[in-house]
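Visitor: Dropping in query20.cif, with mmCIF, C-alpha atoms.
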```cif
data_structure
loop_
_atom_site.label_atom_id
_atom_site.label_comp_id
_atom_site.auth_asym_id
_atom_site.auth_seq_id
_atom_site.Cartn_x
_atom_site.Cartn_y
_atom_site.Cartn_z
CA MET M 1 -14.73 -7.41 26.30
CA SER M 2 -11.95 -6.30 24.01
CA PHE M 3 -11.57 -3.05 22.07
CA PRO M 4 -8.49 -2.97 19.83
CA TRP M 5 -8.45 0.83 19.75
CA ILE M 6 -7.59 0.91 23.47
CA LYS M 7 -4.37 -1.03 22.90
CA ARG M 8 -1.14 0.87 22.24
CA MET M 9 -2.92 4.22 22.51
CA ASP M 10 0.36 5.78 23.56
CA LYS M 11 1.68 5.00 20.09
CA TRP M 12 -1.17 5.86 17.73
CA LEU M 13 -3.51 8.26 19.54
CA PRO M 14 -1.30 11.42 19.64
CA GLY M 15 -0.45 11.01 15.96
CA TYR M 16 -4.08 10.37 15.08
CA LEU M 17 -5.22 13.50 16.92
CA CYS M 18 -2.52 15.52 15.14
CA SER M 19 -3.73 14.19 11.80
CA VAL M 20 -7.30 15.22 12.67
CA ILE M 21 -6.23 18.73 13.69
CA SER M 22 -4.07 19.23 10.58
CA ARG M 23 -6.65 17.80 8.17
CA PRO M 24 -7.47 20.38 5.45
CA ARG M 25 -10.90 21.93 5.97
CA LEU M 26 -11.46 23.48 2.55
CA VAL M 27 -10.24 21.72 -0.58
CA ASN M 28 -10.86 22.86 -4.11
CA ARG M 29 -12.92 20.47 -6.21
CA PRO M 30 -12.60 18.18 -7.93
CA ILE M 31 -10.93 15.75 -5.55
CA HIS M 32 -8.93 12.89 -7.05
CA LEU M 33 -9.04 9.65 -5.05
CA ILE M 34 -5.93 7.54 -5.66
CA PHE M 35 -6.90 4.06 -4.50
CA ALA M 36 -4.47 1.18 -3.94
CA LEU M 37 -5.28 -2.26 -2.54
CA VAL M 38 -2.06 -3.86 -1.30
CA ASP M 39 -2.13 -7.56 -0.52
CA HIS M 40 0.10 -9.35 1.98
CA PHE M 41 -0.29 -12.36 -0.31
CA GLU M 42 0.88 -15.30 1.78
CA PRO M 43 0.30 -18.82 0.43
CA PRO M 44 1.45 -21.79 2.52
CA ALA M 45 5.23 -22.13 2.73
CA PRO M 46 6.22 -24.78 0.16
CA PHE M 47 7.64 -27.28 2.65
CA SER M 48 5.73 -30.28 1.30
CA GLU M 49 3.75 -31.40 -1.72
CA LYS M 50 0.59 -30.93 0.31
CA ASP M 51 1.52 -27.31 1.06
CA ILE M 52 2.28 -26.60 -2.59
CA LYS M 53 -0.97 -28.20 -3.67
CA THR M 54 -2.96 -26.10 -1.19
CA GLY M 55 -1.21 -22.89 -2.19
CA SER M 56 -1.56 -23.61 -5.90
CA GLU M 57 -5.28 -24.28 -5.51
CA ARG M 58 -5.80 -20.95 -3.75
CA ILE M 59 -3.89 -19.06 -6.43
CA SER M 60 -5.75 -20.92 -9.19
CA ARG M 61 -8.95 -19.71 -7.61
CA TRP M 62 -7.66 -16.15 -7.79
CA VAL M 63 -6.75 -16.59 -11.46
CA ARG M 64 -10.15 -18.09 -12.23
CA GLU M 65 -12.47 -15.90 -10.15
CA TYR M 66 -10.85 -12.50 -9.67
CA PRO M 67 -10.84 -11.02 -13.20
CA PRO M 68 -14.55 -11.61 -13.90
CA LEU M 69 -15.42 -10.02 -10.55
CA ILE M 70 -13.73 -6.68 -11.17
CA GLU M 71 -13.47 -6.17 -14.92
CA SER M 72 -16.88 -4.50 -15.09
CA PHE M 73 -15.58 -1.60 -12.97
CA VAL M 74 -13.44 1.22 -14.37
CA ASP M 75 -11.98 4.41 -12.95
CA SER M 76 -11.88 7.86 -14.53
CA ASP M 77 -8.88 6.85 -16.65
CA GLY M 78 -10.51 3.67 -17.95
CA PHE M 79 -8.53 1.27 -15.73
CA HIS M 80 -9.98 -1.68 -13.87
CA PRO M 81 -9.29 -2.16 -10.13
CA LYS M 82 -5.68 -3.18 -9.49
CA GLN M 83 -4.24 -5.30 -6.71
CA THR M 84 -0.59 -5.25 -5.66
CA PHE M 85 0.51 -8.69 -4.53
CA PHE M 86 3.30 -8.29 -1.97
CA PHE M 87 4.69 -11.79 -2.15
CA PRO M 88 6.79 -13.15 0.76
CA ALA M 89 10.34 -14.04 -0.22
CA GLU M 90 10.47 -16.94 2.23
CA LYS M 91 7.41 -18.59 0.61
CA TYR M 92 8.63 -18.52 -2.96
CA HIS M 93 7.64 -21.29 -5.32
CA LYS M 94 7.69 -20.91 -9.09
CA THR M 95 4.17 -22.30 -9.45
CA TYR M 96 2.80 -19.60 -7.17
CA LEU M 97 4.33 -16.78 -9.19
CA ASP M 98 3.33 -18.33 -12.51
CA GLY M 99 -0.27 -18.11 -11.32
CA LEU M 100 0.01 -14.42 -10.46
CA THR M 101 1.49 -13.78 -13.90
CA HIS M 102 -1.91 -14.50 -15.43
CA ILE M 103 -3.51 -11.74 -13.37
CA CYS M 104 -0.74 -9.18 -13.79
CA SER M 105 -0.41 -9.69 -17.55
CA ARG M 106 -4.04 -8.53 -17.88
CA GLY M 107 -3.23 -5.21 -16.21
CA LEU M 108 -5.04 -6.14 -12.99
CA GLY M 109 -2.08 -6.04 -10.64
CA GLU M 110 1.65 -6.10 -9.99
CA VAL M 111 3.94 -8.11 -7.71
CA GLU M 112 6.20 -6.51 -5.09
CA ILE M 113 8.31 -7.72 -2.14
CA HIS M 114 7.09 -8.89 1.25
CA LEU M 115 9.42 -10.41 3.85
CA HIS M 116 9.08 -12.16 7.19
CA HIS M 117 12.34 -12.54 9.08
CA ASP M 118 13.38 -12.90 12.69
CA HIS M 119 16.51 -11.86 14.63
CA ASP M 120 18.21 -11.22 11.30
CA THR M 121 21.53 -9.54 10.51
CA GLU M 122 22.38 -6.75 8.08
CA ALA M 123 24.16 -9.17 5.78
CA GLY M 124 21.35 -11.70 5.96
CA LEU M 125 18.69 -9.09 5.19
CA ARG M 126 20.66 -7.66 2.28
CA GLN M 127 21.18 -11.11 0.80
CA LYS M 128 17.47 -12.03 1.09
CA LEU M 129 16.31 -8.81 -0.54
CA CYS M 130 18.80 -8.87 -3.41
CA ARG M 131 18.21 -12.53 -4.18
CA PHE M 132 14.44 -12.19 -4.26
CA ARG M 133 14.53 -8.88 -6.15
CA ASP M 134 16.59 -10.42 -8.93
CA LEU M 135 14.51 -13.59 -8.97
CA LEU M 136 11.25 -11.68 -9.40
CA HIS M 137 12.69 -9.41 -12.06
CA LEU M 138 14.84 -11.76 -14.11
CA ASP M 139 12.88 -15.00 -13.88
CA HIS M 140 9.31 -13.68 -13.80
CA GLY M 141 9.34 -10.22 -15.38
CA PHE M 142 8.03 -8.51 -12.24
CA LEU M 143 9.17 -5.23 -10.58
CA GLY M 144 9.49 -1.82 -12.18
CA THR M 145 12.75 -0.22 -13.26
CA ASP M 146 14.40 3.16 -12.84
CA SER M 147 15.93 5.38 -15.53
CA GLN M 148 19.03 3.14 -15.59
CA LYS M 149 16.92 -0.02 -16.10
CA ARG M 150 17.71 -1.30 -12.61
CA PRO M 151 14.97 -3.26 -10.83
CA ARG M 152 13.25 -1.33 -8.07
CA TYR M 153 10.61 -2.50 -5.61
CA ALA M 154 7.95 -1.53 -3.09
CA PHE M 155 8.05 -3.26 0.28
CA ILE M 156 5.83 -4.45 3.11
CA HIS M 157 7.40 -5.90 6.25
CA GLY M 158 6.09 -9.16 7.67
CA ASN M 159 4.49 -8.98 11.13
CA TRP M 160 4.54 -5.16 10.76
CA ALA M 161 8.00 -5.13 12.41
CA LEU M 162 9.71 -2.64 10.09
CA CYS M 163 12.99 -1.23 11.37
CA ASN M 164 13.15 -3.64 14.32
CA SER M 165 10.03 -2.09 15.82
CA HIS M 166 8.72 -5.14 17.68
CA PRO M 167 9.84 -5.41 21.34
CA GLY M 168 12.86 -7.64 21.82
CA GLY M 169 13.82 -7.57 18.17
CA LYS M 170 11.21 -10.16 17.22
CA PHE M 171 10.34 -10.53 13.54
CA CYS M 172 13.24 -8.35 12.37
CA GLY M 173 16.50 -7.73 14.25
CA VAL M 174 17.98 -5.04 11.97
CA ASN M 175 17.97 -1.49 13.30
CA ASN M 176 19.15 0.11 10.05
CA GLU M 177 16.59 -1.64 7.89
CA LEU M 178 15.50 1.53 6.11
CA SER M 179 19.01 2.10 4.75
CA ILE M 180 19.32 -1.48 3.54
CA LEU M 181 15.94 -1.31 1.84
CA LYS M 182 16.97 1.89 0.07
CA GLU M 183 20.37 0.47 -0.87
CA THR M 184 18.84 -2.65 -2.44
CA GLY M 185 16.37 -0.76 -4.62
CA CYS M 186 13.30 -0.14 -2.45
CA TYR M 187 11.56 3.13 -3.33
CA VAL M 188 8.60 3.00 -0.93
CA ASP M 189 7.44 1.13 2.17
CA MET M 190 3.71 0.47 2.61
CA THR M 191 3.70 -1.48 5.89
CA MET M 192 1.72 0.89 8.11
CA PRO M 193 -0.69 1.10 9.85
CA SER M 194 -0.45 -1.82 12.24
CA GLY M 195 -2.95 -0.38 14.72
CA ALA M 196 -3.06 -2.29 18.01
CA SER M 197 0.32 -3.93 17.37
CA PRO M 198 3.33 -2.65 19.36
CA THR M 199 4.95 -1.95 15.98
CA GLN M 200 2.55 0.94 15.21
CA THR M 201 4.34 4.18 14.39
CA LYS M 202 3.69 7.45 16.16
CA THR M 203 3.22 9.10 12.78
CA VAL M 204 -0.32 8.40 11.56
CA ASN M 205 -2.18 9.04 8.29
CA ALA M 206 0.79 10.39 6.39
CA ALA M 207 3.13 10.10 3.46
CA TYR M 208 6.62 10.95 4.69
CA TYR M 209 10.36 10.31 4.44
CA ALA M 210 12.24 8.54 7.22
CA SER M 211 15.94 7.82 7.74
CA ASP M 212 17.74 5.42 10.07
CA LYS M 213 18.99 6.73 13.37
CA ALA M 214 22.28 5.04 14.15
CA GLY M 215 21.88 2.05 16.45
CA GLN M 216 18.22 2.74 17.16
CA PRO M 217 15.09 0.79 16.22
CA ARG M 218 11.85 2.42 15.09
CA SER M 219 13.53 5.11 13.00
CA HIS M 220 10.30 5.46 11.02
CA ASP M 221 8.31 6.67 14.03
CA TYR M 222 8.80 10.19 12.69
CA GLY M 223 10.00 11.77 9.49
CA LEU M 224 9.60 14.64 7.05
CA PRO M 225 6.21 14.94 5.34
CA VAL M 226 6.19 14.62 1.59
CA ARG M 227 5.27 18.04 0.28
CA VAL M 228 5.16 20.09 -2.90
CA ARG M 229 8.55 21.72 -2.99
CA PRO M 230 8.54 25.52 -2.78
CA GLY M 231 9.32 27.18 -6.07
CA THR M 232 8.45 24.24 -8.29
CA THR M 233 6.78 25.11 -11.54
CA ARG M 234 3.36 23.58 -11.99
CA GLN M 235 3.83 21.46 -15.07
CA PRO M 236 1.05 20.41 -17.41
CA ALA M 237 0.22 16.75 -17.64
CA GLY M 238 1.77 14.81 -20.50
CA LYS M 239 5.22 13.61 -21.53
CA GLU M 240 6.91 17.03 -21.55
CA GLY M 241 5.60 17.85 -18.10
CA GLN M 242 6.60 14.43 -16.76
CA ARG M 243 10.17 14.77 -18.05
CA ALA M 244 10.57 18.24 -16.53
CA THR M 245 9.08 17.37 -13.16
CA ALA M 246 10.91 14.06 -12.95
CA LYS M 247 14.18 15.98 -13.16
CA GLU M 248 13.02 18.31 -10.37
CA ALA M 249 12.09 15.34 -8.20
CA SER M 250 15.75 14.41 -7.61
CA MET M 251 15.76 16.06 -4.19
CA PRO M 252 17.95 15.29 -1.16
CA ALA M 253 15.10 13.87 0.93
CA ALA M 254 14.33 11.28 -1.71
CA LYS M 255 17.99 10.34 -2.10
CA GLU M 256 18.83 10.01 1.56
CA ALA M 257 15.61 8.65 3.07
CA LEU M 258 12.91 6.13 2.32
CA MET M 259 9.37 7.16 1.49
CA LEU M 260 6.59 5.60 3.55
CA ILE M 261 2.95 5.79 2.51
CA GLN M 262 0.50 4.86 5.24
CA GLY M 263 -3.06 3.66 5.03
CA PRO M 264 -5.85 5.31 7.05
CA LEU M 265 -6.12 4.75 10.80
CA ALA M 266 -9.10 6.18 12.67
CA LEU M 267 -11.90 5.72 15.18
CA ASN M 268 -15.19 5.05 13.43
CA TRP M 269 -17.87 6.76 15.50
CA ARG M 270 -20.53 6.24 12.82
CA TRP M 271 -20.32 2.45 12.94
CA ARG M 272 -20.25 1.58 16.63
CA LYS M 273 -20.01 -1.70 18.44
CA TRP M 274 -23.27 -2.33 20.30
CA GLY M 275 -24.24 1.18 19.23
CA ILE M 276 -21.88 2.69 21.82
CA PHE M 277 -18.17 2.12 21.27
CA PRO M 278 -16.34 3.29 18.12
CA ARG M 279 -14.83 0.65 15.90
CA PHE M 280 -11.13 0.78 15.18
CA GLU M 281 -10.25 1.46 11.56
CA GLN M 282 -6.82 0.29 10.45
CA ALA M 283 -7.31 -0.01 6.70
CA ASP M 284 -7.66 -3.78 6.46
CA ILE M 285 -10.12 -5.87 4.46
CA CYS M 286 -10.74 -9.31 5.91
CA GLY M 287 -13.45 -11.88 6.46
CA SER M 288 -14.53 -10.34 9.75
CA ASN M 289 -14.23 -6.74 8.54
CA PRO M 290 -15.58 -6.31 5.00
CA PRO M 291 -15.31 -2.97 3.16
CA LYS M 292 -18.64 -1.38 4.07
CA PRO M 293 -19.60 2.08 2.74
CA GLN M 294 -19.09 3.66 6.19
CA ARG M 295 -15.50 2.49 6.10
CA VAL M 296 -14.91 3.81 2.59
CA ASN M 297 -16.17 7.24 3.64
CA LEU M 298 -13.85 7.15 6.65
CA TRP M 299 -10.87 6.28 4.44
CA VAL M 300 -11.60 9.31 2.30
CA HIS M 301 -12.16 11.53 5.32
CA GLN M 302 -8.67 10.90 6.74
CA HIS M 303 -7.42 12.88 3.75
CA ILE M 304 -3.90 11.46 3.44
CA HIS M 305 -2.09 13.56 0.84
CA VAL M 306 1.11 15.26 -0.22
CA GLN M 307 1.29 18.55 1.63
CA GLY M 308 0.41 21.31 -0.80
CA ARG M 309 -1.64 18.98 -3.00
CA PRO M 310 -4.75 18.28 -0.85
CA GLU M 311 -6.96 17.61 -3.88
CA TRP M 312 -5.02 14.37 -4.54
CA VAL M 313 -6.13 11.99 -1.75
CA LEU M 314 -4.18 8.77 -1.12
CA ILE M 315 -6.12 5.70 0.00
CA LYS M 316 -3.98 2.61 0.65
CA ILE M 317 -5.93 -0.38 1.94
CA HIS M 318 -4.40 -3.75 2.82
CA THR M 319 -5.52 -7.35 3.00
CA HIS M 320 -4.24 -10.92 3.29
CA GLY M 321 -5.73 -12.31 0.14
CA CYS M 322 -4.39 -15.85 0.19
CA GLN M 323 -6.04 -16.73 3.50
CA THR M 324 -9.22 -18.72 2.99
CA ARG M 325 -11.17 -16.75 5.61
CA ASN M 326 -10.60 -13.57 3.58
CA MET M 327 -11.18 -15.01 0.12
CA ARG M 328 -14.95 -15.01 0.56
CA VAL M 329 -14.72 -11.21 0.78
CA LEU M 330 -12.06 -10.63 -1.87
CA LEU M 331 -13.49 -13.13 -4.34
CA GLY M 332 -17.15 -12.51 -3.64
CA ASP M 333 -19.93 -9.95 -3.41
CA PRO M 334 -18.22 -7.70 -0.79
CA ILE M 335 -15.37 -6.71 -3.14
CA GLN M 336 -17.87 -5.94 -5.88
CA GLU M 337 -19.86 -3.83 -3.43
CA LEU M 338 -16.67 -1.93 -2.60
CA HIS M 339 -15.95 -1.09 -6.23
CA ARG M 340 -19.60 -0.36 -6.95
CA TYR M 341 -19.62 2.16 -4.11
CA LEU M 342 -16.31 3.73 -5.18
CA THR M 343 -17.34 4.10 -8.82
CA THR M 344 -20.82 5.44 -8.08
CA HIS M 345 -20.04 7.79 -5.16
CA TYR M 346 -16.47 8.89 -5.87
CA ASN M 347 -16.22 9.05 -9.64
CA ASP M 348 -18.92 11.47 -10.78
CA GLY M 349 -16.57 13.48 -13.03
CA ARG M 350 -17.47 16.68 -11.26
CA ASN M 351 -16.67 16.52 -7.55
CA PHE M 352 -14.64 13.32 -7.57
CA TYR M 353 -12.39 11.39 -9.90
CA LEU M 354 -11.33 7.84 -9.00
CA HIS M 355 -7.94 6.39 -9.95
CA TYR M 356 -7.18 2.70 -9.36
CA VAL M 357 -3.43 2.28 -8.92
CA THR M 358 -0.76 -0.22 -7.95
CA ALA M 359 1.77 0.53 -5.21
CA ARG M 360 4.27 1.57 -7.88
CA GLU M 361 1.78 3.91 -9.52
CA MET M 362 0.81 5.49 -6.20
CA TYR M 363 4.47 6.18 -5.47
CA ASN M 364 4.93 7.72 -8.91
CA ILE M 365 1.93 9.99 -8.42
CA VAL M 366 3.23 11.09 -5.02
CA ARG M 367 6.60 11.92 -6.55
CA ALA M 368 4.90 13.87 -9.33
CA ALA M 369 2.92 15.87 -6.78
CA GLU M 370 6.10 16.53 -4.83
CA ALA M 371 7.69 17.94 -7.97
CA GLY M 372 4.79 20.30 -8.62
CA ALA M 373 2.57 18.34 -11.01
CA THR M 374 -1.09 19.31 -11.21
CA GLY M 375 -4.15 18.23 -13.15
CA ASN M 376 -5.01 14.58 -13.61
CA PRO M 377 -2.80 12.42 -11.34
CA GLY M 378 -3.62 9.41 -13.48
CA GLU M 379 -1.26 10.75 -16.13
CA PHE M 380 1.70 10.31 -13.78
CA ARG M 381 1.40 6.56 -13.13
CA ASN M 382 4.83 5.97 -14.72
CA PHE M 383 6.43 9.22 -13.63
CA GLU M 384 9.65 7.79 -12.17
CA ILE M 385 9.54 3.99 -11.86
CA GLN M 386 8.62 2.34 -15.16
CA PRO M 387 6.22 -0.62 -15.45
CA PRO M 388 7.46 -4.19 -15.08
CA LYS M 389 8.07 -6.32 -18.15
CA ILE M 390 4.96 -8.33 -17.41
CA SER M 391 2.77 -5.23 -17.74
CA PRO M 392 0.55 -5.14 -20.85
CA PHE M 393 1.02 -1.36 -21.17
#
```
Here is a file; write its structure as structure tokens.
Guide:
Amino acid sequence: MSFPWIKRMDKWLPGYLCSVISRPRLVNRPIHLIFALVDHFEPPAPFSEKDIKTGSERISRWVREYPPLIESFVDSDGFHPKQTFFFPAEKYHKTYLDGLTHICSRGLGEVEIHLHHDHDTEAGLRQKLCRFRDLLHLDHGFLGTDSQKRPRYAFIHGNWALCNSHPGGKFCGVNNELSILKETGCYVDMTMPSGASPTQTKTVNAAYYASDKAGQPRSHDYGLPVRVRPGTTRQPAGKEGQRATAKEASMPAAKEALMLIQGPLALNWRWRKWGIFPRFEQADICGSNPPKPQRVNLWVHQHIHVQGRPEWVLIKIHTHGCQTRNMRVLLGDPIQELHRYLTTHYNDGRNFYLHYVTAREMYNIVRAAEAGATGNPGEFRNFEIQPPKISPF
């Protein structure tokens, strides 16, 4: 018998136990749940007409079936569920992105950068990222922009191997990947957790900054937690508050390091295999692991947050939405059950407020919290990185 939670315990267990010990015990209500579903959206590589046809059919199904499934659900700000499609650079085909445009133009998602590479070089990585960044932004209207109108992007690493973290340099090859990501316009990485994979970081259930360590892989194993900076003035929500706190947010950690926002990793003792062994929770939604209520409660309970702002809880869940075995969950009753549970149990307007966000919006809210913002986090969705051209807002 196999139990994934036993694998790589040396990597994830100490960090998980630390996250349990440091979890806040008393948090003022209401609690704001900031919920992001990030999708490693991987259609077939367009090597042949058959591949393109298969990929296009899957994306057409998303365009046809996804909006009607989720448009009956709204969060406390009046937004529908949002999905961030991290699209792999090596699988680009114009037809694929044209399909996602239909979803994103309705305010139901955004497109960001995903990349699989193997035994790469610094120059090769930089070229891949810059080429795909500009292609998404200039040709398709995707990716947000900074105050100087430069395209910026969120990132998820293929095969979880961020910063050359897989043994033997497989699926990466670049030790200083964090610096290159930052240099090319990446503002946040959302790769983790990888759970039983050897790429799993020793930091668990956290939002933190990490910097490259010269010549070493796995520089993101540890970092500095994102926290409300001492002495920041709590600004009211609204445009004036956003302008003031955005200026304060230009801090050294953000300039010199890359922010990483992790999804929840835990042992689920309330949903046991054979009634005995805990199931391993690593924040994924797939055909064999649908988003049951017990899992949702566990995601909330991990209480990932910016230190000093425990009432704003970050929940980043991932999936592989272009794989047929997962589409029955993501384009069927299970995804509706997820949103029905979220909106009925965590959006009562008294104890809980729910906020559906994209990866970009989650980053912006984290940066606002870091700069001392309070109140409704939903008002800080565009705090630092502005919406892509394709956005209807």
Visitor: Just say which residues the PyMOL selection byres ((chain M and resi 227) around 10) picks in this file, as a VMD selection string.
Guide: chain M and resid 207 to 208 224 to 226 228 to 230 305 to 309 366 to 367 369 to 372
Visitor: Restricting the calculation to only C-alpha atoms, which member of M:His355, M:Asn289, M:Glu311, M:Arg131 is positioned closest to M:Arg325?
Guide: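 Closest residue, counting only C-alpha atoms: M:Asn289.
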Visitor: Please provide as a PyMOL selection string all residues within 10 Å of M:Tyr363, with the sequence filter that same-chain residues fewer than 2 positions apart are discarded (counting only C-alpha atoms).
Guide: chain M and resi 154+187-190+207+259-261+357-361+365-369+380-385
Visitor: Name the residues that the PyMOL selection byres ((chain M and resi 327-329) around 10) pulls out of this structure, and write them as number ranges by chain.
Guide: M: 58, 61-62, 285-291, 319-326, 330-337
Visitor: Check the smallest atom-to-atom distance from each of M:Lys292, M:Lys94, M:Lys389, M:Lys128 to M:Ser56 using only C-alpha atoms, then report the winner.
Guide: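 Result for the nearest residue to M:Ser56: M:Lys94.
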